[in-house]
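Novice: This is the content of run.cif (mmCIF, C-alpha atoms and all ligand atoms; chains and numbers go by the auth columns):
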data_upload
loop_
_atom_site.group_PDB
_atom_site.id
_atom_site.type_symbol
_atom_site.label_atom_id
_atom_site.label_comp_id
_atom_site.label_asym_id
_atom_site.label_seq_id
_atom_site.Cartn_x
_atom_site.Cartn_y
_atom_site.Cartn_z
_atom_site.B_iso_or_equiv
_atom_site.auth_seq_id
_atom_site.auth_asym_id
ATOM 1 C CA MET A 1 29.043 79.119 8.539 0.00 427 A
ATOM 2 C CA GLU A 2 28.368 81.670 11.254 0.00 428 A
ATOM 3 C CA HIS A 3 25.061 81.577 13.082 0.00 429 A
ATOM 4 C CA CYS A 4 23.266 84.353 14.914 0.00 430 A
ATOM 5 C CA GLN A 5 24.299 84.006 18.559 0.00 431 A
ATOM 6 C CA SER A 6 20.729 84.707 19.696 0.00 432 A
ATOM 7 C CA CYS A 7 18.362 82.806 17.375 0.00 433 A
ATOM 8 C CA GLY A 8 20.731 80.406 15.611 0.00 434 A
ATOM 9 C CA MET A 9 19.836 81.610 12.146 0.00 435 A
ATOM 10 C CA PRO A 10 22.643 81.112 9.591 0.00 436 A
ATOM 11 C CA LEU A 11 24.134 84.523 8.813 0.00 437 A
ATOM 12 C CA GLY A 12 25.520 83.442 5.437 0.00 438 A
ATOM 13 C CA ASP A 13 28.577 85.017 3.930 0.00 439 A
ATOM 14 C CA THR A 14 27.163 88.465 3.220 0.00 440 A
ATOM 15 C CA GLU A 15 26.448 91.349 5.601 0.00 441 A
ATOM 16 C CA GLU A 16 22.805 91.391 4.572 0.00 442 A
ATOM 17 C CA TRP A 17 21.483 89.767 7.743 0.00 443 A
ATOM 18 C CA LEU A 18 23.778 91.310 10.328 0.00 444 A
ATOM 19 C CA GLY A 19 22.356 93.405 13.151 0.00 445 A
ATOM 20 C CA SER A 20 23.780 96.791 14.075 0.00 446 A
ATOM 21 C CA GLU A 21 25.641 98.243 17.025 0.00 447 A
ATOM 22 C CA ARG A 22 24.749 101.513 18.764 0.00 448 A
ATOM 23 C CA ASP A 23 27.207 103.430 16.560 0.00 449 A
ATOM 24 C CA GLY A 24 25.662 101.956 13.401 0.00 450 A
ATOM 25 C CA SER A 25 28.448 99.469 12.688 0.00 451 A
ATOM 26 C CA LEU A 26 27.490 95.888 11.923 0.00 452 A
ATOM 27 C CA SER A 27 27.358 93.280 14.656 0.00 453 A
ATOM 28 C CA PRO A 28 29.498 90.225 13.936 0.00 454 A
ATOM 29 C CA ASP A 29 27.413 88.083 16.303 0.00 455 A
ATOM 30 C CA TYR A 30 23.702 88.776 15.836 0.00 456 A
ATOM 31 C CA CYS A 31 21.189 88.992 13.007 0.00 457 A
ATOM 32 C CA LYS A 32 19.066 92.028 12.226 0.00 458 A
ATOM 33 C CA HIS A 33 15.921 90.285 13.490 0.00 459 A
ATOM 34 C CA CYS A 34 17.435 89.964 16.966 0.00 460 A
ATOM 35 C CA TYR A 35 19.692 92.948 17.366 0.00 461 A
ATOM 36 C CA ASP A 36 19.256 96.563 16.345 0.00 462 A
ATOM 37 C CA ARG A 37 21.385 99.583 17.334 0.00 463 A
ATOM 38 C CA GLY A 38 23.116 97.780 20.155 0.00 464 A
ATOM 39 C CA GLU A 39 20.006 96.299 21.732 0.00 465 A
ATOM 40 C CA PHE A 40 18.066 93.075 21.492 0.00 466 A
ATOM 41 C CA ARG A 41 14.704 93.714 19.871 0.00 467 A
ATOM 42 C CA ALA A 42 12.885 91.188 22.068 0.00 468 A
ATOM 43 C CA ARG A 43 13.597 90.657 25.753 0.00 469 A
ATOM 44 C CA VAL A 44 12.842 86.967 25.947 0.00 470 A
ATOM 45 C CA THR A 45 14.100 83.883 27.712 0.00 471 A
ATOM 46 C CA MET A 46 15.910 81.150 25.835 0.00 472 A
ATOM 47 C CA ASP A 47 12.803 78.932 25.936 0.00 473 A
ATOM 48 C CA GLN A 48 10.631 81.722 24.535 0.00 474 A
ATOM 49 C CA MET A 49 13.141 82.258 21.738 0.00 475 A
ATOM 50 C CA ILE A 50 13.096 78.546 20.916 0.00 476 A
ATOM 51 C CA GLU A 51 9.284 78.495 20.738 0.00 477 A
ATOM 52 C CA PHE A 52 9.368 81.582 18.514 0.00 478 A
ATOM 53 C CA CYS A 53 11.871 79.921 16.174 0.00 479 A
ATOM 54 C CA VAL A 54 10.176 76.497 15.862 0.00 480 A
ATOM 55 C CA PRO A 55 7.776 77.484 13.009 0.00 481 A
ATOM 56 C CA HIS A 56 10.547 79.377 11.199 0.00 482 A
ATOM 57 C CA LEU A 57 12.896 76.410 11.289 0.00 483 A
ATOM 58 C CA VAL A 58 10.141 74.025 10.181 0.00 484 A
ATOM 59 C CA ALA A 59 9.309 76.403 7.306 0.00 485 A
ATOM 60 C CA ALA A 60 12.960 76.442 6.274 0.00 486 A
ATOM 61 C CA ARG A 61 13.330 72.676 6.620 0.00 487 A
ATOM 62 C CA PRO A 62 9.952 71.061 5.789 0.00 488 A
ATOM 63 C CA GLU A 63 11.288 67.557 6.419 0.00 489 A
ATOM 64 C CA MET A 64 11.701 68.456 10.088 0.00 490 A
ATOM 65 C CA SER A 65 8.883 68.019 12.606 0.00 491 A
ATOM 66 C CA PRO A 66 8.220 70.746 15.206 0.00 492 A
ATOM 67 C CA GLU A 67 9.388 68.342 17.930 0.00 493 A
ATOM 68 C CA ALA A 68 12.653 67.653 16.096 0.00 494 A
ATOM 69 C CA ALA A 69 13.175 71.384 15.498 0.00 495 A
ATOM 70 C CA ARG A 70 12.591 72.126 19.164 0.00 496 A
ATOM 71 C CA SER A 71 14.997 69.481 20.431 0.00 497 A
ATOM 72 C CA LEU A 72 17.661 70.563 17.928 0.00 498 A
ATOM 73 C CA MET A 73 17.457 74.119 19.269 0.00 499 A
ATOM 74 C CA GLN A 74 17.359 72.988 22.889 0.00 500 A
ATOM 75 C CA GLU A 75 20.697 71.345 22.146 0.00 501 A
ATOM 76 C CA MET A 76 22.169 74.252 20.200 0.00 502 A
ATOM 77 C CA PHE A 77 20.950 77.374 22.009 0.00 503 A
ATOM 78 C CA PRO A 78 22.802 76.912 25.335 0.00 504 A
ATOM 79 C CA ARG A 79 26.033 77.190 23.343 0.00 505 A
ATOM 80 C CA LEU A 80 25.099 80.520 21.733 0.00 506 A
ATOM 81 C CA LYS A 81 26.718 83.649 23.161 0.00 507 A
ATOM 82 C CA ARG A 82 23.456 85.294 24.258 0.00 508 A
ATOM 83 C CA TRP A 83 22.323 82.303 26.315 0.00 509 A
ATOM 84 C CA ARG A 84 25.643 80.969 27.549 0.00 510 A
ATOM 85 C CA SER A 85 25.895 82.929 30.785 0.00 511 A
HETATM 86 ZN ZN ZN B . 19.032 86.264 15.372 0.00 601 B
#
Do you think you could lay out the structure here as structure tokens?
Specialist:
Amino acid sequence: MEHCQSCGMPLGDTEEWLGSERDGSLSPDYCKHCYDRGEFRARVTMDQMIEFCVPHLVAARPEMSPEAARSLMQEMFPRLKRWRS
């Protein structure tokens, strides 16, 4: 499954969650929460993005503690396109 290359959210197999490019076409890499009309909605650092995502991930996976969610993302995020450089 593809994940948003900014927040790590699963994009699923529909276009429902995809962000948009400047010309209105869909972005293959980023979700609509992160990316709109060719720009990132929030100018944040990777650590800020992780902190923002912790409660969302815990809500999606109640068996996971905030600490476990944070360390999972600290492992995963450096490999995402937005944070790789
Ligand atoms: Zn995203």
Novice: Applying the PyMOL selection byres (((chain A and resi 444-451) around 12) and not hetatm) to the file I just gave you, which residues come out? Please list them as an MDAnalysis selection string.
Specialist: chainID A and resid 428:432 435:443 452:467
Novice: Write out as a PyMOL selection string each polymer residue whose atoms come within 7 Å of Val480 in chain A, counting all atoms listed in the file; drop sequence neighbours fewer than 3 positions from it.
Specialist: chain A and resi 476-477+483-484+492+495-496
Novice: Which is closest to ligand ZN 601 (chain B) among A:Leu498, A:Met427, A:Leu506, A:Met490, if we use all atoms listed in the file?
Specialist: A:Leu506
Novice: Would you work out the distance separating CA of Cys479 in chain A from CA of Arg510 in chain A, expressed in Å to one decimal?
Specialist: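 A separation of 17.9 Å between them.
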Novice: Determine the nearest neighbour of ligand ZN 601 (chain B) from the options A:Ala468, A:Ala494, A:Glu489, A:Pro481, counting all atoms listed in the file.
Specialist: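 Closest to ligand ZN 601 (chain B), using all atoms listed in the file: A:Ala468.
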Novice: Just give me the gap between CA of Gln474 in chain A and CA of Gln500 in chain A in Å, one decimal is fine.
Specialist: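 CA of Gln500 in chain A lies at a distance of 11.1 Å from CA of Gln474 in chain A.
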Novice: Work out how far CA of Met472 in chain A is from CA of Ala486 in chain A, in Å to one decimal.
Specialist: 20.3 Å
Novice: Could I see range 472-499 of chain A restored to N, CA and C atoms, set down as a PDB file, in the frame of the given file?
Specialist:
ATOM      1  N   MET A 472      15.460  82.100  26.851  1.00  0.00           N
ATOM      2  CA  MET A 472      15.910  81.150  25.835  1.00  0.00           C
ATOM      3  C   MET A 472      14.743  80.261  25.373  1.00  0.00           C
ATOM      4  N   ASP A 473      13.926  79.799  26.313  1.00  0.00           N
ATOM      5  CA  ASP A 473      12.803  78.932  25.936  1.00  0.00           C
ATOM      6  C   ASP A 473      11.793  79.663  25.053  1.00  0.00           C
ATOM      7  N   GLN A 474      11.550  80.934  25.370  1.00  0.00           N
ATOM      8  CA  GLN A 474      10.631  81.722  24.535  1.00  0.00           C
ATOM      9  C   GLN A 474      11.196  81.895  23.124  1.00  0.00           C
ATOM     10  N   MET A 475      12.515  82.113  23.050  1.00  0.00           N
ATOM     11  CA  MET A 475      13.141  82.258  21.738  1.00  0.00           C
ATOM     12  C   MET A 475      13.026  80.962  20.941  1.00  0.00           C
ATOM     13  N   ILE A 476      13.224  79.838  21.601  1.00  0.00           N
ATOM     14  CA  ILE A 476      13.096  78.546  20.916  1.00  0.00           C
ATOM     15  C   ILE A 476      11.681  78.375  20.371  1.00  0.00           C
ATOM     16  N   GLU A 477      10.667  78.643  21.204  1.00  0.00           N
ATOM     17  CA  GLU A 477       9.284  78.495  20.738  1.00  0.00           C
ATOM     18  C   GLU A 477       8.998  79.419  19.553  1.00  0.00           C
ATOM     19  N   PHE A 478       9.554  80.629  19.604  1.00  0.00           N
ATOM     20  CA  PHE A 478       9.368  81.582  18.514  1.00  0.00           C
ATOM     21  C   PHE A 478       9.991  81.056  17.218  1.00  0.00           C
ATOM     22  N   CYS A 479      11.115  80.362  17.352  1.00  0.00           N
ATOM     23  CA  CYS A 479      11.871  79.921  16.174  1.00  0.00           C
ATOM     24  C   CYS A 479      11.361  78.617  15.576  1.00  0.00           C
ATOM     25  N   VAL A 480      10.617  77.809  16.354  1.00  0.00           N
ATOM     26  CA  VAL A 480      10.176  76.497  15.862  1.00  0.00           C
ATOM     27  C   VAL A 480       9.489  76.605  14.486  1.00  0.00           C
ATOM     28  N   PRO A 481       8.441  77.433  14.326  1.00  0.00           N
ATOM     29  CA  PRO A 481       7.776  77.484  13.009  1.00  0.00           C
ATOM     30  C   PRO A 481       8.684  77.989  11.889  1.00  0.00           C
ATOM     31  N   HIS A 482       9.637  78.870  12.231  1.00  0.00           N
ATOM     32  CA  HIS A 482      10.547  79.377  11.199  1.00  0.00           C
ATOM     33  C   HIS A 482      11.488  78.277  10.716  1.00  0.00           C
ATOM     34  N   LEU A 483      11.980  77.491  11.661  1.00  0.00           N
ATOM     35  CA  LEU A 483      12.896  76.410  11.289  1.00  0.00           C
ATOM     36  C   LEU A 483      12.149  75.339  10.492  1.00  0.00           C
ATOM     37  N   VAL A 484      10.927  75.024  10.903  1.00  0.00           N
ATOM     38  CA  VAL A 484      10.141  74.025  10.181  1.00  0.00           C
ATOM     39  C   VAL A 484       9.819  74.534   8.762  1.00  0.00           C
ATOM     40  N   ALA A 485       9.568  75.838   8.630  1.00  0.00           N
ATOM     41  CA  ALA A 485       9.309  76.403   7.306  1.00  0.00           C
ATOM     42  C   ALA A 485      10.541  76.307   6.420  1.00  0.00           C
ATOM     43  N   ALA A 486      11.720  76.502   7.049  1.00  0.00           N
ATOM     44  CA  ALA A 486      12.960  76.442   6.274  1.00  0.00           C
ATOM     45  C   ALA A 486      13.340  75.006   5.943  1.00  0.00           C
ATOM     46  N   ARG A 487      12.961  74.081   6.823  1.00  0.00           N
ATOM     47  CA  ARG A 487      13.330  72.676   6.620  1.00  0.00           C
ATOM     48  C   ARG A 487      12.079  71.813   6.774  1.00  0.00           C
ATOM     49  N   PRO A 488      11.268  71.724   5.714  1.00  0.00           N
ATOM     50  CA  PRO A 488       9.952  71.061   5.789  1.00  0.00           C
ATOM     51  C   PRO A 488      10.023  69.593   6.201  1.00  0.00           C
ATOM     52  N   GLU A 489      11.186  68.972   6.032  1.00  0.00           N
ATOM     53  CA  GLU A 489      11.288  67.557   6.419  1.00  0.00           C
ATOM     54  C   GLU A 489      11.365  67.406   7.941  1.00  0.00           C
ATOM     55  N   MET A 490      11.518  68.522   8.644  1.00  0.00           N
ATOM     56  CA  MET A 490      11.701  68.456  10.088  1.00  0.00           C
ATOM     57  C   MET A 490      10.377  68.668  10.828  1.00  0.00           C
ATOM     58  N   SER A 491      10.100  67.839  11.816  1.00  0.00           N
ATOM     59  CA  SER A 491       8.883  68.019  12.606  1.00  0.00           C
ATOM     60  C   SER A 491       9.121  69.122  13.645  1.00  0.00           C
ATOM     61  N   PRO A 492       8.044  69.741  14.155  1.00  0.00           N
ATOM     62  CA  PRO A 492       8.220  70.746  15.206  1.00  0.00           C
ATOM     63  C   PRO A 492       8.963  70.195  16.422  1.00  0.00           C
ATOM     64  N   GLU A 493       8.703  68.948  16.769  1.00  0.00           N
ATOM     65  CA  GLU A 493       9.388  68.342  17.930  1.00  0.00           C
ATOM     66  C   GLU A 493      10.893  68.225  17.663  1.00  0.00           C
ATOM     67  N   ALA A 494      11.233  67.797  16.441  1.00  0.00           N
ATOM     68  CA  ALA A 494      12.653  67.653  16.096  1.00  0.00           C
ATOM     69  C   ALA A 494      13.332  69.023  16.071  1.00  0.00           C
ATOM     70  N   ALA A 495      12.616  70.032  15.544  1.00  0.00           N
ATOM     71  CA  ALA A 495      13.175  71.384  15.498  1.00  0.00           C
ATOM     72  C   ALA A 495      13.428  71.898  16.913  1.00  0.00           C
ATOM     73  N   ARG A 496      12.463  71.650  17.794  1.00  0.00           N
ATOM     74  CA  ARG A 496      12.591  72.126  19.164  1.00  0.00           C
ATOM     75  C   ARG A 496      13.776  71.449  19.868  1.00  0.00           C
ATOM     76  N   SER A 497      13.917  70.138  19.706  1.00  0.00           N
ATOM     77  CA  SER A 497      14.997  69.481  20.431  1.00  0.00           C
ATOM     78  C   SER A 497      16.359  69.837  19.836  1.00  0.00           C
ATOM     79  N   LEU A 498      16.408  70.083  18.523  1.00  0.00           N
ATOM     80  CA  LEU A 498      17.661  70.563  17.928  1.00  0.00           C
ATOM     81  C   LEU A 498      18.081  71.892  18.562  1.00  0.00           C
ATOM     82  N   MET A 499      17.126  72.804  18.709  1.00  0.00           N
ATOM     83  CA  MET A 499      17.457  74.119  19.269  1.00  0.00           C
ATOM     84  C   MET A 499      17.755  74.037  20.762  1.00  0.00           C
TER      85      MET A 499
END
